[in-house]
$ cat final-v1.txt   # compact mmCIF, C-alpha atoms
# COMPACT_ATOMS: atom_id res chain seq x y z
CA MET A 1 40.91 -33.88 -41.74
CA LYS A 2 40.04 -34.84 -45.30
CA SER A 3 36.82 -33.54 -46.85
CA LEU A 4 33.80 -35.81 -46.53
CA LEU A 5 32.41 -34.56 -49.84
CA MET A 6 33.73 -37.54 -51.78
CA SER A 7 31.75 -40.72 -51.59
CA SER A 8 34.56 -42.57 -53.35
CA LYS A 9 38.08 -41.72 -54.45
CA ASP A 10 37.48 -43.75 -57.59
CA GLN A 11 34.45 -41.81 -58.85
CA ILE A 12 34.15 -38.05 -58.31
CA ARG A 13 31.13 -36.02 -59.47
CA TRP A 14 31.08 -32.36 -58.43
CA ALA A 15 28.97 -29.41 -59.57
CA PHE A 16 29.03 -25.73 -58.69
CA ASN A 17 26.00 -23.47 -59.11
CA LEU A 18 27.36 -20.32 -60.75
CA LYS A 19 24.30 -18.31 -59.75
CA THR A 20 25.54 -18.50 -56.16
CA PHE A 21 28.95 -17.09 -57.10
CA ARG A 22 28.98 -13.34 -56.54
CA PRO A 23 32.34 -13.06 -54.81
CA SER A 24 33.59 -10.18 -52.74
CA LEU A 25 36.96 -8.65 -53.60
CA GLU A 26 38.48 -10.75 -50.83
CA ASP A 27 36.97 -13.96 -52.22
CA LEU A 28 38.15 -13.19 -55.73
CA LEU A 29 41.66 -12.35 -54.54
CA LYS A 30 41.82 -15.72 -52.84
CA ALA A 31 40.38 -17.67 -55.78
CA THR A 32 42.57 -16.08 -58.46
CA SER A 33 45.71 -16.62 -56.38
CA CYS A 34 45.02 -20.37 -56.46
CA ILE A 35 45.31 -20.93 -60.21
CA GLN A 36 48.33 -21.08 -62.50
CA ALA A 37 49.63 -17.80 -63.90
CA GLU A 38 48.96 -18.74 -67.53
CA GLU A 39 45.37 -19.67 -66.65
CA LYS A 40 44.90 -16.36 -64.87
CA THR A 41 46.07 -14.55 -68.00
CA ARG A 42 43.79 -16.66 -70.19
CA LEU A 43 40.72 -16.00 -68.02
CA ALA A 44 41.23 -12.23 -68.05
CA LYS A 45 40.54 -12.21 -71.80
CA PHE A 46 36.86 -13.11 -71.31
CA VAL A 47 34.61 -10.14 -72.04
CA PHE A 48 31.78 -11.20 -69.74
CA ARG A 49 31.82 -12.22 -66.07
CA ASP A 50 29.71 -15.29 -66.80
CA ASP A 51 32.47 -16.84 -68.90
CA PHE A 52 35.20 -15.79 -66.48
CA ASP A 53 33.36 -17.21 -63.47
CA ALA A 54 32.54 -20.53 -65.16
CA SER A 55 36.13 -21.07 -66.27
CA LEU A 56 37.63 -19.98 -62.94
CA ILE A 57 35.40 -22.42 -61.05
CA GLY A 58 36.37 -25.18 -63.49
CA ARG A 59 40.07 -24.59 -62.76
CA LEU A 60 39.43 -24.65 -59.02
CA LEU A 61 37.42 -27.87 -59.32
CA MET A 62 40.38 -29.45 -61.11
CA ARG A 63 42.84 -28.41 -58.41
CA LYS A 64 40.59 -29.64 -55.61
CA PHE A 65 40.10 -32.97 -57.40
CA VAL A 66 43.81 -33.62 -57.93
CA HIS A 67 44.73 -32.52 -54.41
CA GLU A 68 42.14 -34.71 -52.72
CA THR A 69 42.62 -37.81 -54.88
CA THR A 70 46.42 -37.85 -55.14
CA ASN A 71 47.43 -36.05 -51.91
CA THR A 72 49.62 -33.77 -54.02
CA PRO A 73 50.29 -30.50 -52.16
CA TYR A 74 47.86 -27.93 -53.55
CA SER A 75 50.56 -25.43 -54.51
CA SER A 76 52.59 -28.15 -56.27
CA ILE A 77 49.85 -29.13 -58.73
CA LYS A 78 50.79 -28.27 -62.29
CA PHE A 79 48.40 -28.83 -65.18
CA GLU A 80 49.54 -29.34 -68.74
CA ARG A 81 47.54 -29.42 -71.97
CA ASP A 82 47.46 -32.11 -74.61
CA SER A 83 47.43 -31.56 -78.38
CA ASN A 84 43.68 -30.89 -78.24
CA GLY A 85 44.04 -28.31 -75.47
CA LYS A 86 42.58 -30.56 -72.77
CA PRO A 87 44.15 -30.02 -69.32
CA TYR A 88 45.69 -33.04 -67.63
CA PHE A 89 47.80 -33.85 -64.59
CA ALA A 90 50.89 -35.78 -65.62
CA GLN A 91 52.12 -36.72 -62.14
CA GLY A 92 49.10 -38.72 -61.00
CA ASN A 93 47.18 -41.76 -62.16
CA VAL A 94 43.90 -39.88 -62.53
CA ASP A 95 41.61 -38.65 -65.28
CA PHE A 96 39.08 -35.84 -65.17
CA ASN A 97 37.00 -33.60 -67.38
CA VAL A 98 35.18 -30.32 -66.79
CA SER A 99 32.25 -28.61 -68.50
CA HIS A 100 30.12 -25.53 -67.98
CA GLN A 101 26.86 -24.32 -69.43
CA GLY A 102 23.84 -22.52 -68.07
CA SER A 103 24.12 -22.15 -64.30
CA TYR A 104 26.71 -24.87 -63.63
CA SER A 105 30.35 -25.78 -63.85
CA VAL A 106 30.89 -29.51 -63.37
CA LEU A 107 33.76 -31.96 -62.95
CA ALA A 108 33.73 -35.73 -63.36
CA GLY A 109 36.88 -37.53 -62.30
CA ILE A 110 38.44 -40.93 -61.76
CA GLY A 111 40.92 -41.23 -58.94
CA ASN A 112 43.46 -44.06 -58.72
CA SER A 113 42.59 -45.10 -62.28
CA ASP A 114 44.39 -47.54 -64.50
CA THR A 115 45.69 -46.40 -67.88
CA LYS A 116 42.68 -47.77 -69.77
CA THR A 117 40.03 -45.79 -67.96
CA ALA A 118 38.97 -42.42 -69.40
CA ILE A 119 36.17 -39.97 -68.66
CA GLY A 120 34.23 -37.19 -70.37
CA VAL A 121 31.46 -34.93 -69.05
CA ASP A 122 29.02 -32.39 -70.42
CA VAL A 123 26.26 -30.28 -68.92
CA MET A 124 23.41 -28.61 -70.81
CA LYS A 125 20.62 -26.25 -69.85
CA ILE A 126 17.16 -27.33 -71.00
CA GLU A 127 16.25 -24.26 -73.00
CA TYR A 128 16.11 -23.07 -76.58
CA THR A 129 16.96 -19.40 -77.08
CA GLY A 130 17.63 -19.33 -80.82
CA GLY A 131 15.95 -16.76 -83.01
CA LYS A 132 14.49 -19.36 -85.39
CA SER A 133 11.52 -21.62 -84.77
CA LEU A 134 12.32 -24.91 -83.08
CA ASP A 135 11.36 -26.82 -86.26
CA GLU A 136 13.77 -24.72 -88.31
CA PHE A 137 16.52 -25.21 -85.74
CA PHE A 138 15.98 -28.96 -85.86
CA ARG A 139 16.15 -28.84 -89.67
CA ILE A 140 19.52 -27.07 -89.52
CA MET A 141 20.81 -29.62 -87.01
CA THR A 142 19.57 -32.65 -88.99
CA ARG A 143 23.01 -34.00 -89.93
CA ASN A 144 24.16 -34.12 -86.30
CA PHE A 145 21.74 -36.88 -85.26
CA SER A 146 20.73 -40.29 -86.57
CA SER A 147 17.18 -41.00 -87.72
CA ASN A 148 16.58 -43.02 -84.54
CA GLU A 149 17.75 -40.12 -82.39
CA TRP A 150 15.50 -37.67 -84.25
CA GLU A 151 12.56 -39.98 -83.67
CA ALA A 152 13.24 -39.92 -79.93
CA ILE A 153 13.84 -36.15 -79.90
CA LYS A 154 10.68 -35.21 -81.78
CA ASN A 155 8.36 -37.83 -80.32
CA PRO A 156 6.86 -35.74 -77.47
CA SER A 157 4.11 -33.29 -78.34
CA GLU A 158 5.23 -30.63 -75.84
CA LYS A 159 7.91 -28.18 -77.00
CA ARG A 160 9.84 -28.33 -73.71
CA GLU A 161 10.06 -32.12 -73.88
CA LYS A 162 11.41 -31.90 -77.42
CA VAL A 163 14.04 -29.42 -76.25
CA LYS A 164 14.85 -31.65 -73.26
CA ASN A 165 15.35 -34.67 -75.51
CA PHE A 166 17.50 -32.64 -77.90
CA MET A 167 19.72 -31.38 -75.09
CA ARG A 168 19.94 -34.86 -73.61
CA HIS A 169 21.23 -36.37 -76.85
CA TRP A 170 23.59 -33.45 -77.46
CA CYS A 171 24.93 -33.80 -73.92
CA LEU A 172 25.59 -37.50 -74.48
CA LYS A 173 27.43 -36.82 -77.75
CA GLU A 174 29.57 -34.13 -76.14
CA SER A 175 30.51 -36.37 -73.22
CA TYR A 176 31.55 -39.11 -75.66
CA VAL A 177 33.64 -36.98 -78.01
CA LYS A 178 35.29 -35.25 -75.04
CA ASN A 179 36.20 -38.66 -73.67
CA ILE A 180 37.85 -39.81 -76.89
CA GLY A 181 39.46 -36.39 -77.36
CA VAL A 182 38.29 -35.45 -80.82
CA GLY A 183 35.75 -32.69 -80.18
CA ILE A 184 32.69 -32.29 -82.38
CA THR A 185 34.75 -32.48 -85.58
CA ILE A 186 33.68 -36.06 -86.38
CA ASP A 187 30.48 -37.16 -88.08
CA LEU A 188 27.99 -36.95 -85.22
CA GLN A 189 25.32 -38.71 -87.24
CA LYS A 190 27.37 -41.90 -86.98
CA ILE A 191 27.31 -41.64 -83.18
CA SER A 192 23.81 -42.79 -82.31
CA PHE A 193 22.42 -43.07 -78.77
CA THR A 194 19.40 -45.10 -77.71
CA THR A 195 17.81 -43.88 -74.50
CA LYS A 196 15.75 -46.51 -72.70
CA GLU A 197 14.25 -44.61 -69.77
CA PRO A 198 13.44 -41.01 -68.89
CA LEU A 199 15.79 -38.87 -66.83
CA ASN A 200 15.08 -39.11 -63.14
CA ALA A 201 15.98 -36.54 -60.49
CA GLU A 202 16.30 -39.29 -57.89
CA LYS A 203 18.81 -41.58 -59.57
CA VAL A 204 21.58 -41.85 -62.15
CA ILE A 205 20.51 -43.45 -65.45
CA THR A 206 23.00 -45.94 -66.93
CA SER A 207 20.86 -47.85 -69.44
CA THR A 208 21.55 -45.67 -72.49
CA CYS A 209 23.37 -47.48 -75.33
CA LEU A 210 25.66 -46.23 -78.09
CA ASP A 211 26.18 -47.37 -81.68
CA VAL A 212 29.13 -46.07 -83.69
CA ASN A 213 28.89 -46.66 -87.44
CA ASN A 214 25.93 -48.96 -86.70
CA ILE A 215 28.07 -51.16 -84.44
CA PRO A 216 27.29 -51.38 -80.70
CA GLU A 217 29.99 -49.69 -78.61
CA THR A 218 30.40 -51.96 -75.59
CA ASN A 219 33.47 -50.31 -74.06
CA PHE A 220 31.53 -47.31 -72.76
CA LEU A 221 29.12 -46.65 -69.92
CA PHE A 222 27.04 -43.47 -69.80
CA GLU A 223 25.73 -41.87 -66.62
CA GLU A 224 22.89 -39.35 -66.98
CA SER A 225 21.25 -37.26 -64.31
CA LEU A 226 19.50 -33.98 -63.58
CA LEU A 227 21.29 -31.31 -61.57
CA ASP A 228 17.96 -29.54 -61.23
CA ASP A 229 14.79 -29.16 -63.30
CA ASP A 230 16.67 -27.16 -65.93
CA HIS A 231 20.08 -28.84 -66.27
CA ILE A 232 21.16 -32.22 -67.64
CA VAL A 233 24.59 -33.75 -67.09
CA ALA A 234 26.11 -36.77 -68.86
CA VAL A 235 29.29 -38.68 -68.04
CA ALA A 236 31.02 -41.01 -70.51
CA LEU A 237 33.23 -43.71 -69.00
CA LYS A 238 35.53 -45.75 -71.23
CA HIS A 239 36.50 -49.16 -69.86
CA PRO A 240 34.75 -48.45 -66.55
CA LYS A 241 35.94 -50.40 -63.58
CA SER A 242 33.63 -53.23 -62.63
CA PRO A 243 31.50 -53.02 -60.65
CA ASN A 244 30.86 -49.35 -61.37
CA VAL A 245 28.72 -47.55 -58.80
CA PRO A 246 27.16 -44.46 -60.43
CA GLN A 247 27.64 -41.32 -58.35
CA LYS A 248 25.18 -38.45 -58.14
CA PHE A 249 26.70 -35.01 -58.58
CA GLN A 250 27.39 -33.18 -55.33
CA ILE A 251 26.77 -29.44 -55.34
CA LEU A 252 29.71 -27.62 -53.74
CA THR A 253 29.64 -24.23 -52.06
CA PHE A 254 32.47 -21.74 -52.53
CA ASN A 255 33.85 -22.53 -49.07
CA GLU A 256 33.82 -26.26 -49.87
CA LEU A 257 35.50 -25.62 -53.20
CA MET A 258 38.31 -23.66 -51.53
CA GLU A 259 38.80 -26.13 -48.67
CA HIS A 260 42.49 -27.17 -48.37
CA SER A 261 43.46 -24.60 -51.05
CA SER A 262 46.70 -22.67 -50.84
CA PRO A 263 47.92 -19.79 -53.03
CA LEU A 264 50.24 -20.15 -55.96
CA LEU A 265 50.36 -16.42 -56.72
CA GLU A 266 50.37 -13.11 -54.88
CA HIS A 267 47.06 -11.32 -54.51
CA ASP A 268 46.45 -9.02 -57.49
CA ILE A 269 44.08 -6.23 -56.52
CA ASP A 270 44.15 -4.45 -59.89
CA TYR A 271 43.37 -7.72 -61.71
CA CYS A 272 40.44 -8.51 -59.44
CA LYS A 273 38.98 -5.00 -59.60
CA ALA A 274 39.05 -5.23 -63.39
CA ILE A 275 37.23 -8.58 -63.23
CA LEU A 276 34.60 -7.23 -60.84
CA ALA A 277 33.94 -4.40 -63.30
CA LYS A 278 33.00 -6.82 -66.10
CA GLU A 279 29.30 -7.16 -66.91
CA TYR A 280 27.21 -10.32 -66.86
CA LYS A 281 25.48 -11.51 -70.03
CA ARG A 282 22.74 -13.02 -67.88
CA GLN A 283 21.64 -11.19 -64.76

$ encode --input "final-v1.txt" --output "structure tokens"
Amino acid sequence: MKSLLMSSKDQIRWAFNLKTFRPSLEDLLKATSCIQAEEKTRLAKFVFRDDFDASLIGRLLMRKFVHETTNTPYSSIKFERDSNGKPYFAQGNVDFNVSHQGSYSVLAGIGNSDTKTAIGVDVMKIEYTGGKSLDEFFRIMTRNFSSNEWEAIKNPSEKREKVKNFMRHWCLKESYVKNIGVGITIDLQKISFTTKEPLNAEKVITSTCLDVNNIPETNFLFEESLLDDDHIVAVALKHPKSPNVPQKFQILTFNELMEHSSPLLEHDIDYCKAILAKEYKRQ
């Protein structure tokens, strides 16, 4: 029986709370046998468990997405990387993007898409942990936001609301540049978002507008939501199918994530013991 986690094969929004992921040796053996060998080698290079866990979950989200939207046998899924290093699945008419930050790894995907549709996603934790004052941090970041964006960011009197607005705008920018595949190497000041309503835990916000070089960008739709009180997630859809029904992110458990999985590799006890010995940056 197919998983009931998906509300639509056309729009997939999944999140995994990394704080819940403290796998046993058996769990880790299973998880690491279900990713490609080159990804397993890549993940082992992370110094801290936080980074390893977030990236591992991202790879597993990708495999689950492709398997459940294309019916490709799990062990036959092969990801490639484009010139920007972004993973993609060449054998299916799908697009997806993953992100991780704070306590979450997330995936936004389009199943059964046409060639024009593209997607980008970013997640941010609502916190500022820099050593400088918030005003000094904002000064350093000045060139990354338009004057209109700075007005929206700095408008609240409370520090947390300023941080929340900053992270919201940064999240939107990241989702957009990830969608178009250029990374944050372009002039972010020329990418200006106008938010029209506050984030709401009960619904997905789609009213935010984008100007690029002072020209309205009408080919994109942005979905914004809260995963919890401390995490914002933004999805950028290019040429979204009409009508688009915004999907709330579904929080998956480890068992749900591994549903229908099958191993690609043999269990590697030495590898997993070495991973379990790594320390967490955040306890």

$ residues_around --input "final-v1.txt" --residues "Arg59 of chain A" --least-positions-apart "3" --cutoff "12 Å" --atoms "all atoms listed in the file" --output "number ranges by chain"
A: 16, 31-40, 42-43, 52-56, 62-66, 77-79, 86-88, 96-100, 105-107, 257-258

$ closest_residue --input "final-v1.txt" --among "A:Lys132, A:Lys248, A:Arg160, A:Lys190" --to "Ser146 of chain A" --atoms "only C-alpha atoms"
A:Lys190

$ atom_distance --input "final-v1.txt" --atom1 "atom CA of Ile12 of chain A" --atom2 "atom CA of Val163 of chain A"
28.3 Å

$ atom_distance --input "final-v1.txt" --atom1 "atom CA of Lys278 of chain A" --atom2 "atom CA of Ala44 of chain A"
10.0 Å

$ atom_distance --input "final-v1.txt" --atom1 "atom CA of Glu223 of chain A" --atom2 "atom CA of Thr194 of chain A"
13.2 Å

$ closest_residue --input "final-v1.txt" --among "A:Glu136, A:Asp211, A:Asp122, A:Asp95" --to "Leu226 of chain A" --atoms "only C-alpha atoms"
A:Asp122

$ residues_around --input "final-v1.txt" --residues "His267 of chain A" --least-positions-apart "2" --cutoff "7 Å" --atoms "only C-alpha atoms" --output "number ranges by chain"
A: 29, 33, 265, 269

$ residues_around --input "final-v1.txt" --residues "Asn200 of chain A" --least-positions-apart "2" --cutoff "12 Å" --atoms "all atoms listed in the file" --output "ChimeraX atom specification"
/A:197-198,202-206,223-229,231-233,248

$ closest_residue --input "final-v1.txt" --among "A:Arg13, A:Lys238, A:Lys196, A:Lys273" --to "Glu26 of chain A" --atoms "all atoms listed in the file"
A:Lys273

$ closest_residue --input "final-v1.txt" --among "A:Cys209, A:Ala152, A:Ile57, A:Ile186" --to "Leu221 of chain A" --atoms "only C-alpha atoms"
A:Cys209

$ closest_residue --input "final-v1.txt" --among "A:Ser103, A:Thr41, A:Thr208, A:Thr218" --to "Thr20 of chain A" --atoms "all atoms listed in the file"
A:Ser103

$ closest_residue --input "final-v1.txt" --among "A:Leu25, A:Ala15, A:Ile119, A:Val182" --to "Ser83 of chain A" --atoms "only C-alpha atoms"
A:Val182

$ residues_around --input "final-v1.txt" --residues "Gly120 of chain A" --least-positions-apart "3" --cutoff "8 Å" --atoms "only C-alpha atoms" --output "PyMOL selection string"
chain A and resi 96-98+108+175-180+235-237
